[in-house]
$ cat run10.txt   # compact mmCIF, C-alpha atoms
# COMPACT_ATOMS: atom_id res chain seq x y z
CA MET A 215 -3.14 27.53 32.62
CA ALA A 216 -0.13 25.72 33.99
CA PRO A 217 0.97 22.56 32.22
CA VAL A 218 0.34 19.44 34.19
CA SER A 219 3.62 17.66 34.71
CA ASN A 220 4.13 14.03 35.59
CA GLY A 221 6.47 14.99 38.36
CA GLU A 222 9.90 14.88 36.79
CA ASP A 223 10.83 16.73 33.67
CA THR A 224 14.09 15.03 32.85
CA PRO A 225 13.73 12.02 30.62
CA ARG A 226 14.85 8.76 32.14
CA PHE A 227 15.80 5.50 30.50
CA ASP A 228 12.53 4.13 31.77
CA ASN A 229 10.60 6.59 29.54
CA LEU A 230 12.20 5.02 26.51
CA THR A 231 11.78 1.38 27.42
CA SER A 232 8.23 1.58 28.74
CA GLY A 233 6.85 2.06 25.21
CA VAL A 234 8.80 -0.92 23.95
CA TRP A 235 7.94 -3.36 26.68
CA ARG A 236 5.81 -2.43 29.69
CA GLU A 237 3.38 -0.24 27.71
CA ASN A 238 3.89 -1.71 24.25
CA PRO A 239 1.05 -0.15 22.21
CA VAL A 240 0.13 -3.38 20.41
CA PHE A 241 0.92 -6.18 22.83
CA ILE A 242 0.08 -4.56 26.17
CA THR A 243 -2.27 -1.60 25.78
CA LEU A 244 -3.85 -2.96 22.58
CA LEU A 245 -3.91 0.39 20.77
CA GLY A 246 -3.61 0.88 17.03
CA LEU A 247 -4.59 -2.69 16.20
CA CYS A 248 -6.16 -1.82 12.83
CA PRO A 249 -2.88 -1.45 10.90
CA SER A 250 -1.26 -4.16 13.00
CA LEU A 251 -3.76 -6.64 11.61
CA ALA A 252 -4.40 -5.20 8.17
CA VAL A 253 -1.03 -4.64 6.51
CA SER A 254 1.23 -6.88 8.54
CA ASN A 255 1.25 -9.70 5.99
CA THR A 256 4.92 -9.33 5.08
CA ALA A 257 8.01 -8.21 6.97
CA VAL A 258 8.57 -5.28 4.58
CA ASN A 259 4.98 -4.02 4.76
CA SER A 260 4.85 -4.22 8.54
CA LEU A 261 8.21 -2.53 8.94
CA ALA A 262 7.20 0.29 6.58
CA MET A 263 3.88 0.73 8.35
CA GLY A 264 5.58 0.75 11.74
CA LEU A 265 8.20 3.28 10.68
CA ALA A 266 5.60 5.52 9.03
CA SER A 267 3.49 5.52 12.20
CA ALA A 268 6.57 6.13 14.36
CA PHE A 269 7.53 9.11 12.19
CA VAL A 270 4.04 10.59 12.50
CA LEU A 271 4.13 10.02 16.27
CA LEU A 272 7.53 11.68 16.64
CA GLY A 273 6.59 14.65 14.45
CA SER A 274 3.26 15.27 16.17
CA THR A 275 4.78 14.83 19.62
CA PHE A 276 7.43 17.40 18.77
CA LEU A 277 4.91 20.04 17.70
CA ILE A 278 2.30 19.30 20.33
CA SER A 279 4.80 19.31 23.17
CA LEU A 280 6.24 22.62 21.90
CA LEU A 281 2.79 24.20 21.49
CA ARG A 282 1.23 22.64 24.57
CA ASN A 283 0.89 25.97 26.37
CA ALA A 284 -0.27 27.87 23.29
CA ILE A 285 -3.16 25.60 22.35
CA PRO A 286 -6.31 26.30 24.41
CA LYS A 287 -7.74 23.21 26.04
CA GLN A 288 -11.07 23.59 24.23
CA VAL A 289 -9.60 23.13 20.75
CA ARG A 290 -6.77 20.79 21.62
CA ILE A 291 -8.17 17.60 20.03
CA ALA A 292 -8.98 19.42 16.78
CA SER A 293 -5.48 20.91 16.76
CA TYR A 294 -3.88 17.54 17.43
CA ILE A 295 -5.81 15.94 14.59
CA ILE A 296 -4.73 18.67 12.14
CA ILE A 297 -1.10 18.25 13.20
CA ILE A 298 -1.27 14.46 12.97
CA ALA A 299 -3.04 14.64 9.58
CA THR A 300 -0.32 16.94 8.25
CA PHE A 301 2.43 14.50 9.12
CA VAL A 302 0.41 11.61 7.71
CA THR A 303 -0.01 13.45 4.39
CA VAL A 304 3.73 14.11 4.27
CA VAL A 305 4.46 10.42 4.94
CA ASP A 306 1.90 9.44 2.30
CA TYR A 307 3.63 11.57 -0.35
CA ALA A 308 7.04 10.38 0.78
CA ILE A 309 6.20 6.66 0.50
CA HIS A 310 4.55 7.31 -2.87
CA ALA A 311 7.78 8.94 -4.04
CA ILE A 312 10.08 6.29 -2.56
CA SER A 313 8.41 3.14 -3.83
CA LEU A 314 5.24 2.71 -5.87
CA GLU A 315 5.17 -0.99 -5.00
CA LEU A 316 5.22 -0.33 -1.27
CA TYR A 317 2.65 2.44 -1.69
CA ASN A 318 0.26 0.08 -3.48
CA ALA A 319 0.83 -2.66 -0.90
CA LEU A 320 0.02 -0.38 2.04
CA GLY A 321 -2.93 1.19 0.24
CA ALA A 322 -5.33 3.27 2.30
CA PHE A 323 -3.70 2.24 5.56
CA ILE A 324 -1.12 5.01 5.30
CA GLN A 325 -3.89 7.62 5.29
CA LEU A 326 -5.59 5.76 8.11
CA ILE A 327 -2.64 6.48 10.42
CA VAL A 328 -4.59 9.70 11.12
CA VAL A 329 -7.10 7.76 13.16
CA ASN A 330 -4.60 5.45 14.83
CA CYS A 331 -5.58 5.85 18.46
CA MET A 332 -2.06 4.93 19.56
CA ILE A 333 -0.90 8.28 18.16
CA LEU A 334 -3.76 10.45 19.41
CA GLY A 335 -3.55 8.62 22.73
CA ARG A 336 0.15 9.39 23.16
CA CYS A 337 -0.38 13.03 22.13
CA GLU A 338 -3.24 13.56 24.54
CA ALA A 339 -1.86 11.55 27.45
CA HIS A 340 1.80 12.40 27.25
CA ALA A 341 3.02 14.96 24.70
CA SER A 342 0.51 17.62 25.78
CA LYS A 343 1.61 17.36 29.41
CA ASN A 344 5.37 17.03 29.23
CA ARG A 345 8.38 19.04 28.23
CA LEU A 346 9.90 18.39 24.84
CA PRO A 347 12.82 16.07 25.76
CA LYS A 348 10.72 13.78 27.91
CA ALA A 349 7.87 13.69 25.40
CA MET A 350 10.22 12.92 22.52
CA VAL A 351 11.94 10.10 24.40
CA ASN A 352 8.58 8.59 25.23
CA ALA A 353 7.40 8.91 21.62
CA LEU A 354 10.61 7.32 20.41
CA GLY A 355 10.07 4.36 22.74
CA THR A 356 6.41 3.97 21.81
CA GLY A 357 7.20 4.27 18.09
CA ALA A 358 9.92 1.66 18.40
CA GLY A 359 7.60 -0.61 20.35
CA PHE A 360 4.87 -0.24 17.72
CA THR A 361 7.29 -0.93 14.86
CA LEU A 362 8.77 -3.92 16.66
CA ALA A 363 5.33 -5.37 17.40
CA LEU A 364 4.19 -4.98 13.79
CA PHE A 365 7.42 -6.50 12.58
CA MET A 366 6.99 -9.49 14.91
CA VAL A 367 3.48 -10.12 13.58
CA GLY A 368 4.50 -9.47 9.96
CA SER A 369 7.56 -11.73 10.01
CA ILE A 370 5.63 -14.74 11.32
CA ARG A 371 2.85 -14.17 8.78
CA GLU A 372 5.29 -13.88 5.87
CA ILE A 373 7.31 -16.93 6.93
CA LEU A 374 4.24 -19.16 7.27
CA GLY A 375 2.09 -17.61 4.53
CA PHE A 376 4.64 -17.09 1.76
CA GLY A 377 7.54 -19.28 2.99
CA THR A 378 9.81 -16.25 2.65
CA PHE A 379 11.47 -13.65 4.86
CA PHE A 380 12.03 -10.22 3.29
CA GLY A 381 11.22 -11.92 0.00
CA VAL A 382 14.00 -14.51 0.39
CA SER A 383 12.72 -18.07 0.09
CA LEU A 384 13.37 -20.05 3.27
CA PHE A 385 12.12 -23.55 2.68
CA GLY A 386 12.72 -24.27 -1.00
CA ALA A 387 10.15 -25.10 -3.65
CA GLY A 388 8.49 -27.99 -1.80
CA PHE A 389 7.02 -25.80 0.97
CA GLN A 390 3.23 -25.73 1.04
CA THR A 391 2.38 -22.16 2.04
CA TRP A 392 -0.39 -21.48 4.57
CA ALA A 393 -2.44 -18.90 2.71
CA ILE A 394 -4.56 -18.33 5.83
CA PHE A 395 -1.67 -16.44 7.44
CA ILE A 396 -1.58 -13.76 4.74
CA LEU A 397 -5.35 -13.38 4.85
CA PRO A 398 -7.00 -11.24 7.57
CA PRO A 399 -7.77 -14.20 9.89
CA GLY A 400 -4.05 -15.00 9.97
CA GLY A 401 -3.42 -11.55 11.44
CA PHE A 402 -5.77 -12.30 14.32
CA ILE A 403 -4.23 -15.73 14.89
CA VAL A 404 -0.63 -14.50 14.96
CA LEU A 405 -1.45 -11.45 17.07
CA SER A 406 -3.34 -13.55 19.59
CA LEU A 407 -0.42 -15.96 19.89
CA TRP A 408 1.92 -13.05 20.64
CA LEU A 409 -0.59 -11.66 23.17
CA LEU A 410 -0.71 -15.06 24.82
CA LEU A 411 3.06 -15.17 25.12
CA PHE A 412 3.27 -11.62 26.47
CA SER A 413 0.61 -12.11 29.11
CA TYR A 414 2.21 -15.43 30.11
CA ILE A 415 5.56 -13.68 30.61
CA GLU A 416 3.86 -10.86 32.50
CA ARG A 417 2.13 -13.32 34.85
CA ARG A 418 5.31 -15.26 35.46
CA ARG A 419 7.13 -12.06 36.32
CA ALA A 420 4.34 -10.90 38.59
CA ALA A 421 4.28 -14.26 40.33
CA ASN A 422 8.03 -14.20 40.83
CA THR A 423 8.14 -10.70 42.27
CA GLY A 424 4.99 -11.18 44.31
CA HIS A 425 3.13 -8.37 42.54
CA ILE A 426 -0.30 -8.70 41.07
CA ALA A 427 -0.27 -7.91 37.36
CA GLY A 428 -1.19 -4.32 36.52
CA GLY A 429 -4.68 -2.87 36.32
CA ALA A 430 -7.20 -2.74 33.53
CA HIS A 431 -6.08 -1.65 30.08
CA ALA A 432 -8.12 0.54 27.83
CA THR A 433 -8.65 -0.74 24.32
CA MET B 219 -7.35 13.22 34.52
CA SER B 220 -5.54 15.40 37.00
CA GLN B 221 -7.41 17.33 39.67
CA GLN B 222 -7.63 21.06 39.12
CA PRO B 223 -8.96 23.10 42.03
CA THR B 224 -10.36 25.96 39.93
CA PRO B 225 -11.18 25.51 36.27
CA PRO B 226 -9.24 27.97 34.12
CA PRO B 227 -11.35 30.75 32.58
CA MET B 228 -12.74 30.11 29.11
CA PRO B 229 -10.49 31.76 26.51
CA SER B 230 -12.18 34.13 24.12
CA PRO B 231 -13.70 32.51 21.03
CA ILE B 232 -11.44 34.65 18.86
CA ARG B 233 -8.40 33.04 20.42
CA LEU B 234 -9.82 29.56 19.77
CA VAL B 235 -10.56 30.34 16.13
CA LEU B 236 -7.20 32.02 15.64
CA THR B 237 -5.33 29.05 17.11
CA LEU B 238 -7.08 26.61 14.82
CA ALA B 239 -6.69 28.87 11.80
CA LEU B 240 -2.99 29.28 12.42
CA ILE B 241 -2.39 25.58 12.85
CA ALA B 242 -4.46 24.81 9.75
CA MET B 243 -2.51 27.37 7.75
CA LEU B 244 0.84 25.93 8.83
CA SER B 245 -0.49 22.51 7.96
CA GLY B 246 -1.55 23.68 4.51
CA VAL B 247 1.85 25.18 3.80
CA THR B 248 3.59 21.98 4.90
CA VAL B 249 1.36 19.80 2.74
CA VAL B 250 1.88 21.99 -0.33
CA PHE B 251 5.61 21.91 0.28
CA ALA B 252 5.62 18.10 0.54
CA TYR B 253 3.46 17.87 -2.59
CA GLN B 254 5.85 20.05 -4.59
CA ILE B 255 8.91 18.10 -3.52
CA THR B 256 7.44 14.68 -4.25
CA LEU B 257 5.57 15.58 -7.47
CA GLU B 258 8.49 14.81 -9.76
CA PRO B 259 9.62 11.51 -8.12
CA ILE B 260 6.02 10.25 -7.99
CA ALA B 261 5.46 10.98 -11.68
CA ARG B 262 8.76 9.29 -12.47
CA ASN B 263 7.79 6.21 -10.43
CA HIS B 264 4.54 5.89 -12.36
CA ARG B 265 6.32 6.33 -15.69
CA LEU B 266 8.98 3.75 -14.81
CA ALA B 267 6.39 1.27 -13.55
CA LEU B 268 4.43 1.61 -16.79
CA GLU B 269 7.56 1.33 -18.90
CA ARG B 270 8.64 -1.78 -17.01
CA ALA B 271 5.23 -3.33 -17.58
CA VAL B 272 5.24 -2.47 -21.31
CA PHE B 273 8.69 -3.98 -21.80
CA GLU B 274 7.66 -7.01 -19.78
CA VAL B 275 4.69 -7.87 -22.01
CA LEU B 276 6.62 -7.13 -25.21
CA PRO B 277 9.75 -9.26 -24.91
CA GLY B 278 12.67 -7.63 -26.72
CA ALA B 279 11.24 -4.09 -26.67
CA VAL B 280 13.55 -1.32 -25.43
CA ASP B 281 11.66 1.78 -26.50
CA ARG B 282 8.04 2.85 -26.56
CA ALA B 283 5.67 5.35 -28.18
CA ASN B 284 2.25 6.40 -26.89
CA PHE B 285 -0.99 6.10 -28.83
CA LEU B 286 -4.64 6.67 -28.14
CA VAL B 287 -7.44 4.48 -29.45
CA GLU B 288 -10.70 6.41 -29.50
CA GLY B 289 -13.67 4.97 -31.34
CA ASP B 290 -12.30 3.91 -34.70
CA SER B 291 -9.25 6.14 -34.73
CA LEU B 292 -5.67 5.69 -33.62
CA THR B 293 -3.68 8.83 -32.83
CA ALA B 294 -0.06 9.25 -31.86
CA LEU B 295 0.47 11.24 -28.67
CA PRO B 296 3.50 13.43 -27.95
CA ASP B 297 5.52 12.49 -24.86
CA ASP B 298 4.03 15.16 -22.63
CA GLU B 299 0.53 13.84 -23.27
CA GLY B 300 1.57 10.26 -22.48
CA ASP B 301 -0.85 10.16 -19.55
CA ARG B 302 -3.82 9.93 -21.91
CA ALA B 303 -2.44 6.98 -23.84
CA ASN B 304 -4.17 3.61 -23.73
CA VAL B 305 -1.97 1.84 -26.28
CA TYR B 306 1.83 1.64 -26.23
CA ALA B 307 3.92 0.49 -29.17
CA GLY B 308 7.18 -1.23 -28.25
CA TYR B 309 10.23 -1.21 -30.49
CA ALA B 310 13.35 -3.39 -30.48
CA ASP B 311 16.98 -2.21 -30.63
CA ASP B 312 16.96 -1.90 -34.41
CA GLY B 313 13.71 0.07 -34.42
CA THR B 314 11.43 -2.73 -35.61
CA LEU B 315 7.98 -2.95 -34.07
CA VAL B 316 7.81 -5.76 -31.49
CA GLY B 317 4.15 -5.30 -30.76
CA VAL B 318 1.58 -3.20 -28.99
CA ALA B 319 0.84 -3.16 -25.26
CA MET B 320 -2.75 -2.46 -24.23
CA GLU B 321 -4.71 -2.28 -21.02
CA GLY B 322 -7.77 -4.28 -20.16
CA SER B 323 -9.86 -4.46 -17.05
CA ALA B 324 -12.70 -6.56 -15.69
CA ARG B 325 -14.41 -7.15 -12.41
CA GLY B 326 -12.51 -9.76 -10.38
CA TYR B 327 -13.29 -11.32 -7.03
CA ALA B 328 -12.49 -8.32 -4.86
CA ASP B 329 -12.33 -5.35 -7.20
CA ASN B 330 -11.48 -4.48 -10.78
CA VAL B 331 -8.45 -6.30 -12.13
CA ARG B 332 -6.37 -4.12 -14.45
CA VAL B 333 -4.04 -5.98 -16.77
CA LEU B 334 -1.58 -5.05 -19.50
CA TYR B 335 -0.97 -7.40 -22.39
CA GLY B 336 1.31 -7.42 -25.41
CA TYR B 337 -0.07 -8.00 -28.89
CA SER B 338 2.14 -9.07 -31.76
CA LEU B 339 0.80 -7.86 -35.12
CA GLU B 340 3.02 -10.30 -36.95
CA ASP B 341 1.91 -13.45 -35.11
CA GLU B 342 -1.61 -12.18 -34.38
CA CYS B 343 -1.42 -13.37 -30.81
CA ILE B 344 -0.98 -12.12 -27.26
CA ILE B 345 2.67 -12.57 -26.36
CA GLY B 346 2.85 -11.24 -22.82
CA PHE B 347 0.69 -10.43 -19.83
CA THR B 348 1.08 -8.69 -16.50
CA VAL B 349 -1.24 -7.52 -13.74
CA LEU B 350 -1.18 -3.75 -13.24
CA GLN B 351 -3.55 -3.55 -10.31
CA SER B 352 -5.57 -6.06 -8.38
CA SER B 353 -6.96 -6.57 -4.91
CA GLU B 354 -7.45 -10.28 -5.42
CA THR B 355 -7.09 -12.56 -2.40
CA PRO B 356 -3.43 -13.10 -1.49
CA GLY B 357 -2.43 -16.72 -1.98
CA LEU B 358 -5.48 -17.47 -4.16
CA GLY B 359 -6.69 -15.02 -6.80
CA GLU B 360 -3.42 -13.13 -6.58
CA LYS B 361 -1.78 -16.04 -8.43
CA ILE B 362 -2.97 -14.60 -11.79
CA GLY B 363 0.13 -12.44 -11.67
CA SER B 364 2.64 -15.10 -10.62
CA ASP B 365 1.53 -18.66 -11.40
CA PRO B 366 3.99 -19.94 -14.07
CA ALA B 367 1.48 -22.37 -15.60
CA PHE B 368 -1.09 -19.57 -15.93
CA LEU B 369 1.40 -17.12 -17.41
CA ALA B 370 2.39 -19.79 -19.94
CA ASN B 371 -1.06 -19.23 -21.51
CA PHE B 372 0.25 -15.96 -22.87
CA GLU B 373 3.20 -17.21 -24.86
CA CYS B 374 0.97 -17.03 -27.91
CA LEU B 375 -2.73 -16.66 -27.22
CA ASP B 376 -4.59 -16.64 -30.52
CA VAL B 377 -6.39 -13.33 -31.25
CA ARG B 378 -6.76 -13.54 -35.03
CA LEU B 379 -9.51 -11.36 -36.48
CA ASN B 380 -12.44 -12.63 -38.55
CA ASP B 381 -12.35 -12.26 -42.32
CA ALA B 382 -14.03 -8.86 -42.24
CA GLY B 383 -11.47 -7.68 -39.66
CA THR B 384 -14.14 -6.32 -37.32
CA ASP B 385 -13.83 -8.63 -34.33
CA LEU B 386 -11.90 -11.58 -32.93
CA ALA B 387 -12.39 -14.73 -35.03
CA ASN B 388 -12.50 -16.78 -31.81
CA PRO B 389 -13.33 -14.92 -28.61
CA ILE B 390 -10.85 -15.61 -25.80
CA ARG B 391 -12.26 -18.02 -23.27
CA THR B 392 -11.12 -19.13 -19.81
CA VAL B 393 -11.56 -22.84 -19.21
CA GLY B 394 -10.92 -25.05 -16.18
CA PRO B 395 -7.33 -25.98 -15.26
CA GLY B 396 -5.83 -28.40 -17.79
CA GLU B 397 -8.85 -28.26 -20.11
CA GLU B 398 -7.36 -26.00 -22.74
CA SER B 399 -7.76 -27.48 -26.22
CA GLU B 400 -7.78 -24.45 -28.55
CA PRO B 401 -5.09 -21.77 -28.93
CA TRP B 402 -7.57 -19.05 -27.87
CA GLU B 403 -8.43 -20.73 -24.58
CA ILE B 404 -6.86 -19.82 -21.25
CA ASP B 405 -6.15 -22.54 -18.70
CA GLY B 406 -7.58 -21.24 -15.44
CA ILE B 407 -6.04 -21.65 -11.99
CA ALA B 408 -7.57 -24.00 -9.43
CA GLY B 409 -8.60 -21.88 -6.44
CA ALA B 410 -8.61 -18.72 -8.53
CA THR B 411 -11.52 -19.41 -10.87
CA VAL B 412 -13.14 -16.00 -10.61
CA SER B 413 -9.85 -14.16 -11.04
CA SER B 414 -8.77 -16.24 -14.06
CA GLN B 415 -12.13 -15.64 -15.67
CA ALA B 416 -11.78 -11.93 -15.04
CA VAL B 417 -8.47 -12.01 -16.90
CA GLY B 418 -10.11 -13.79 -19.83
CA ARG B 419 -12.94 -11.26 -19.90
CA ALA B 420 -10.59 -8.27 -19.63
CA LEU B 421 -8.51 -9.55 -22.54
CA ARG B 422 -11.52 -10.46 -24.68
CA GLU B 423 -13.25 -7.11 -24.28
CA SER B 424 -10.15 -5.02 -24.77
CA ALA B 425 -8.79 -7.10 -27.66
CA SER B 426 -12.03 -7.23 -29.63
CA ARG B 427 -12.41 -3.47 -29.35
CA LYS B 428 -8.84 -2.30 -29.95
CA ILE B 429 -7.18 -4.88 -32.21
CA PRO B 430 -9.42 -4.13 -35.25
CA VAL B 431 -8.59 -0.42 -34.92
CA ILE B 432 -4.89 -1.13 -34.53
CA ARG B 433 -4.76 -3.40 -37.56
CA ASP B 434 -6.60 -0.76 -39.61
CA HIS B 435 -3.94 1.82 -38.77
CA ALA B 436 -0.95 -0.50 -38.51
CA GLN B 437 1.19 1.66 -40.79
CA LEU B 438 0.95 4.55 -38.28
CA LEU B 439 2.77 2.46 -35.66
CA THR B 440 5.82 2.06 -37.89
CA GLU B 441 5.61 5.52 -39.49
CA GLU B 442 5.65 7.22 -36.13
CA ARG B 443 9.03 5.65 -35.56
CA ASN B 444 10.66 7.23 -38.62

$ encode --input "run10.txt" --output "structure tokens"
Amino acid sequence: MAPVSNGEDTPRFDNLTSGVWRENPVFITLLGLCPSLAVSNTAVNSLAMGLASAFVLLGSTFLISLLRNAIPKQVRIASYIIIIATFVTVVDYAIHAISLELYNALGAFIQLIVVNCMILGRCEAHASKNRLPKAMVNALGTGAGFTLALFMVGSIREILGFGTFFGVSLFGAGFQTWAIFILPPGGFIVLSLWLLLFSYIERRRAANTGHIAGGAHAT
Amino acid sequence: MSQQPTPPPMPSPIRLVLTLALIAMLSGVTVVFAYQITLEPIARNHRLALERAVFEVLPGAVDRANFLVEGDSLTALPDDEGDRANVYAGYADDGTLVGVAMEGSARGYADNVRVLYGYSLEDECIIGFTVLQSSETPGLGEKIGSDPAFLANFECLDVRLNDAGTDLANPIRTVGPGEESEPWEIDGIAGATVSSQAVGRALRESASRKIPVIRDHAQLLTEERN
């Protein structure tokens, strides 16, 4: 069976930036929200989670794009899951070896990267249909977009909830911390504020260029 | 999905099974490889974390030895069996015994709270405390590990034994914030009542079980050093 190509095989700059902005997995397509809400209570945790997911995405994209013609269509999802799970296990061991503190803070959410639909979605929709360079560039952009989004949520939550940024105190001893922002509801509040901002910007841009904002997004 | 004029023929089942088996095998090899590489650093991280905690609850300690309390007996463990230890003796520069670090655990608000505390045989009190593992609510119950007023409870928390030496003379109790009136009472944290009580319970249960055994075999702690 011939691979289905998206037209051009050479990666363009657009492939890289679309994952960061136009198709940002968290803010625009709303994929992979579970870790974005669960472990984004500090800048360090969210950055580590974002980088771990980006590594898994890059690794799986590499293998899946290479093997895309060798894997029969009927067993592709099972194959993708095994490949993704392998990279997740490697990341899990690596974080455990790098820092016990970080490992305990992220808890089960490292293992849960396996079921992050952002990753499976990218593998199924892009890596399995494109040549290696283009797939890798797209994965790099999406991974960066995911990490950036988590970091944006995590920074705000840490600043308001702990009064610190990367553990450095910002406001002195008199600051009354807002514990709600480090609790799960705070994740929803901060994420929704970012979503509000992003859709506002998108509407403004659409209004300026005369376009109607893009179609429905899958969640 | 893209349009395909004629669906490709179904590959043979053997090919499907072989593909999956091959991928699974590669995956297995990769995982084993990662496990082997990280085994040593992970074990070292755990050892360092434990050592840090032991030295934290026994101020002045720079060296440790592992022991196991089982029933009424106290046994010294060689270094390679350190994983089984539940009691750690801490020694100062000059080799004198600073105290003994022990684990306790009790049900907190979210999950079990595991704590490590330092016991000074000389002063018969708890001289240090740290949280090993907790899933208590951030910003509320989590304060048991960081609140300075709460940690001040463990400068010298009275755990003297009764005259027969079989149990604590005065069981450790957690009271409301600012209500502490006896040296064996712990001032709780406002907004972290359940978690502070869990700490009190963890310490009481562990101390009343292990301290009598440790005092019975106190000479072993110093002998082991020489």

$ interface_residues --input "run10.txt" --of "chain A" --to "chain B" --cutoff "6 Å" --atoms "only C-alpha atoms" --output "ChimeraX atom specification"
/A:300,304,311,393

$ write_last_selection --input "run10.txt" --atoms "C-alpha atoms" --output "PDB file, in the frame of the given file"
ATOM      1  CA  THR A 300      -0.320  16.940   8.250  1.00  0.00           C
ATOM      2  CA  VAL A 304       3.730  14.110   4.270  1.00  0.00           C
ATOM      3  CA  ALA A 311       7.780   8.940  -4.040  1.00  0.00           C
ATOM      4  CA  ALA A 393      -2.440 -18.900   2.710  1.00  0.00           C
TER       5      ALA A 393
END

$ closest_residue --input "run10.txt" --among "A:Leu405, A:Leu397, A:Val289, A:Met263" --to "A:Ile309" --atoms "only C-alpha atoms"
A:Met263

$ residues_near_point --input "run10.txt" --point "(-0.2, -11.1, 11.5)" --cutoff "6 Å" --atoms "all atoms listed in the file" --output "short mmCIF file (atom, residue, chain, number, x, y, z; two decimals) with C-alpha atoms, in the frame of the given file"
data_model
loop_
_atom_site.label_atom_id
_atom_site.label_comp_id
_atom_site.auth_asym_id
_atom_site.auth_seq_id
_atom_site.Cartn_x
_atom_site.Cartn_y
_atom_site.Cartn_z
CA LEU A 251 -3.76 -6.64 11.61
CA SER A 254 1.23 -6.88 8.54
CA ASN A 255 1.25 -9.70 5.99
CA VAL A 367 3.48 -10.12 13.58
CA GLY A 368 4.50 -9.47 9.96
CA ARG A 371 2.85 -14.17 8.78
CA GLY A 400 -4.05 -15.00 9.97
CA GLY A 401 -3.42 -11.55 11.44
CA VAL A 404 -0.63 -14.50 14.96
CA LEU A 405 -1.45 -11.45 17.07
#

$ residues_near_point --input "run10.txt" --point "(-6.2, -17.2, -21.5)" --cutoff "7 Å" --atoms "only C-alpha atoms" --output "CSV table (one decimal) with C-alpha atoms, in the coordinates of the input"
chain,number,residue,atom,x,y,z
B,371,ASN,CA,-1.1,-19.2,-21.5
B,372,PHE,CA,0.2,-16.0,-22.9
B,375,LEU,CA,-2.7,-16.7,-27.2
B,390,ILE,CA,-10.8,-15.6,-25.8
B,391,ARG,CA,-12.3,-18.0,-23.3
B,392,THR,CA,-11.1,-19.1,-19.8
B,402,TRP,CA,-7.6,-19.0,-27.9
B,403,GLU,CA,-8.4,-20.7,-24.6
B,404,ILE,CA,-6.9,-19.8,-21.2
B,405,ASP,CA,-6.2,-22.5,-18.7
B,418,GLY,CA,-10.1,-13.8,-19.8

$ closest_residue --input "run10.txt" --among "A:Phe269, A:Phe412, A:Phe360, A:Tyr307" --to "A:Leu245" --atoms "only C-alpha atoms"
A:Phe360

$ atom_distance --input "run10.txt" --atom1 "atom CA of B:Ala370" --atom2 "atom CA of B:Val393"
14.3 Å

$ atom_distance --input "run10.txt" --atom1 "atom CA of B:Glu441" --atom2 "atom CA of B:Glu269"
21.1 Å

$ closest_residue --input "run10.txt" --among "A:Leu409, A:Val328, A:Ile278, A:Leu261" --to "A:Leu244" --atoms "only C-alpha atoms"
A:Leu409

$ residues_around --input "run10.txt" --residues "B:Asp365" --least-positions-apart "3" --cutoff "12 Å" --atoms "all atoms listed in the file" --output "list of chain:residue names"
B:Phe347, B:Thr348, B:Val349, B:Gly357, B:Leu358, B:Gly359, B:Glu360, B:Lys361, B:Ile362, B:Phe368, B:Leu369, B:Ala370, B:Asn371, B:Phe372, B:Asp405, B:Gly406, B:Ile407, B:Ala408, B:Gly409, B:Ala410, B:Ser414

$ write_last_selection --input "run10.txt" --atoms "C-alpha atoms" --output "PDB file, in the coordinates of the input"
ATOM      1  CA  PHE B 347       0.690 -10.430 -19.830  1.00  0.00           C
ATOM      2  CA  THR B 348       1.080  -8.690 -16.500  1.00  0.00           C
ATOM      3  CA  VAL B 349      -1.240  -7.520 -13.740  1.00  0.00           C
ATOM      4  CA  GLY B 357      -2.430 -16.720  -1.980  1.00  0.00           C
ATOM      5  CA  LEU B 358      -5.480 -17.470  -4.160  1.00  0.00           C
ATOM      6  CA  GLY B 359      -6.690 -15.020  -6.800  1.00  0.00           C
ATOM      7  CA  GLU B 360      -3.420 -13.130  -6.580  1.00  0.00           C
ATOM      8  CA  LYS B 361      -1.780 -16.040  -8.430  1.00  0.00           C
ATOM      9  CA  ILE B 362      -2.970 -14.600 -11.790  1.00  0.00           C
ATOM     10  CA  PHE B 368      -1.090 -19.570 -15.930  1.00  0.00           C
ATOM     11  CA  LEU B 369       1.400 -17.120 -17.410  1.00  0.00           C
ATOM     12  CA  ALA B 370       2.390 -19.790 -19.940  1.00  0.00           C
ATOM     13  CA  ASN B 371      -1.060 -19.230 -21.510  1.00  0.00           C
ATOM     14  CA  PHE B 372       0.250 -15.960 -22.870  1.00  0.00           C
ATOM     15  CA  ASP B 405      -6.150 -22.540 -18.700  1.00  0.00           C
ATOM     16  CA  GLY B 406      -7.580 -21.240 -15.440  1.00  0.00           C
ATOM     17  CA  ILE B 407      -6.040 -21.650 -11.990  1.00  0.00           C
ATOM     18  CA  ALA B 408      -7.570 -24.000  -9.430  1.00  0.00           C
ATOM     19  CA  GLY B 409      -8.600 -21.880  -6.440  1.00  0.00           C
ATOM     20  CA  ALA B 410      -8.610 -18.720  -8.530  1.00  0.00           C
ATOM     21  CA  SER B 414      -8.770 -16.240 -14.060  1.00  0.00           C
TER      22      SER B 414
END

$ closest_residue --input "run10.txt" --among "B:Ala324, B:Val431, B:Leu292, B:Cys374" --to "B:Glu340" --atoms "only C-alpha atoms"
B:Cys374

$ residues_around --input "run10.txt" --residues "B:Asp301" --least-positions-apart "5" --cutoff "12 Å" --atoms "all atoms listed in the file" --output "PyMOL selection string"
chain B and resi 261-262+264-265+268+283-286+295-296+306

$ closest_residue --input "run10.txt" --among "B:Val331, B:Ala303, B:Ala271, B:Leu236" --to "B:Val412" --atoms "all atoms listed in the file"
B:Val331
